[in-house]
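The block underneath contains the structure these notes are about, expressed in structure tokens.
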Amino acid sequence: ARVRGASAGTGTAEARDFLSRAGGSISGLSVSGSKGETVRIRVTGYVDTMIPGLKLKIDQHADAATERITEAR
């Protein structure tokens with residue numbers, strides 16, 4: 001999503017794709033994104049554990065500057 005011309009939707013789609021390849025052990029998955037001068041992709045959900053009934057909450061985000069072209073000085 002931080003590449004020039006990309007949208008926040010591009011970043012959320014990539015995050016969903018990565019998570020689906022990682023094994024799909026996250027329930028209640030939510031992936032959201034926003035884009036301005038900084039891009040933020042946020043993932044929330046729950047990870048099932050080996051202990052019956054115990055789920056661990058996930059609430060993580062990644063921030064990065066949006067790519068932009070500047071004049072060389």
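Note on naming: chains are A, B, ... as they come in the structure tokens, residues start from 1 per chain, ligands start from 1 in the order shown.
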
Can you tell me, as an NGL selection string, what residues are no more than 6 Å from Arg40 (chain A) when counting only C-alpha atoms, ignoring any on the same chain fewer than 5 positions away?
:A and (33-34 or 62-63)

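Minimum atom-to-atom distance to Ala65 (chain A), evaluated using only C-alpha atoms, belongs to A:Thr38 out of A:Thr49, A:Thr38, A:Ser7, A:Thr44.
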
For Phe18 (chain A), which residue among A:Ile58, A:Ala72, A:Val31, A:Ala6 is the nearest when counting only C-alpha atoms?
A:Val31

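Minimum distance to Gly23 (chain A) across A:Thr70, A:Lys57, A:Asp48, A:Gly9 (counting only C-alpha atoms) occurs at A:Asp48.
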
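A straight line drawn from CA of Gly36 (chain A) to CA of Thr10 (chain A) is 13.9 Å long.
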
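The smallest atom-to-atom distance between Asp59 (chain A) and any of A:Ser25, A:Thr12, A:Ser20, A:Ser32, using only C-alpha atoms, is found for A:Ser32.
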
Quote the spacing between CA of Val47 (chain A) and CA of Ile26 (chain A) in Å to one decimal place.
4.7 Å

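Here CA of Ser27 (chain A) is placed at a distance of 24.6 Å from CA of Val39 (chain A).
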
DSSP on the backbone: what in chain A comes out alpha helix (DSSP H), as a count of residues only?
14

How would you write, as number ranges by chain, the set of residues in chain A that DSSP gives as strand (DSSP E or B)?
A: 26-35, 38-48, 55-65

Residues as selected, C-alpha atoms, written as an mmCIF file, in the first residue's frame, can you do that?
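Once written, part_18.cif looks like this:
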data_model
loop_
_atom_site.group_PDB
_atom_site.id
_atom_site.type_symbol
_atom_site.label_atom_id
_atom_site.label_comp_id
_atom_site.auth_asym_id
_atom_site.auth_seq_id
_atom_site.Cartn_x
_atom_site.Cartn_y
_atom_site.Cartn_z
ATOM 1 C CA ILE A 26 -6.979 -16.840 13.328
ATOM 2 C CA SER A 27 -10.705 -16.573 14.029
ATOM 3 C CA GLY A 28 -12.723 -13.360 13.951
ATOM 4 C CA LEU A 29 -10.133 -11.931 11.559
ATOM 5 C CA SER A 30 -10.391 -8.263 10.632
ATOM 6 C CA VAL A 31 -7.908 -6.455 8.376
ATOM 7 C CA SER A 32 -8.225 -2.706 7.856
ATOM 8 C CA GLY A 33 -6.078 -0.028 6.326
ATOM 9 C CA SER A 34 -5.700 3.701 5.918
ATOM 10 C CA LYS A 35 -3.471 5.751 3.687
ATOM 11 C CA THR A 38 1.612 7.241 6.397
ATOM 12 C CA VAL A 39 0.050 3.875 5.577
ATOM 13 C CA ARG A 40 -1.355 1.790 8.439
ATOM 14 C CA ILE A 41 -2.520 -1.810 8.078
ATOM 15 C CA ARG A 42 -4.191 -3.283 11.169
ATOM 16 C CA VAL A 43 -4.986 -6.940 11.914
ATOM 17 C CA THR A 44 -7.257 -8.050 14.756
ATOM 18 C CA GLY A 45 -8.674 -11.420 15.704
ATOM 19 C CA TYR A 46 -8.106 -14.407 17.976
ATOM 20 C CA VAL A 47 -5.636 -17.291 17.819
ATOM 21 C CA ASP A 48 -6.815 -20.703 18.963
ATOM 22 C CA LYS A 55 -8.086 -17.872 22.646
ATOM 23 C CA LEU A 56 -5.439 -15.169 22.544
ATOM 24 C CA LYS A 57 -6.401 -11.744 21.182
ATOM 25 C CA ILE A 58 -4.420 -10.241 18.294
ATOM 26 C CA ASP A 59 -4.359 -6.483 17.724
ATOM 27 C CA GLN A 60 -1.337 -5.511 15.627
ATOM 28 C CA HIS A 61 -0.562 -2.832 13.093
ATOM 29 C CA ALA A 62 2.233 -1.834 10.753
ATOM 30 C CA ASP A 63 2.948 1.781 9.807
ATOM 31 C CA ALA A 64 5.160 3.017 6.978
ATOM 32 C CA ALA A 65 5.652 6.250 5.067
#

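Proximity of A:Arg21, A:Arg68, A:Arg16, A:Pro52 to Arg2 (chain A), computed with only C-alpha atoms, is greatest for A:Arg68.
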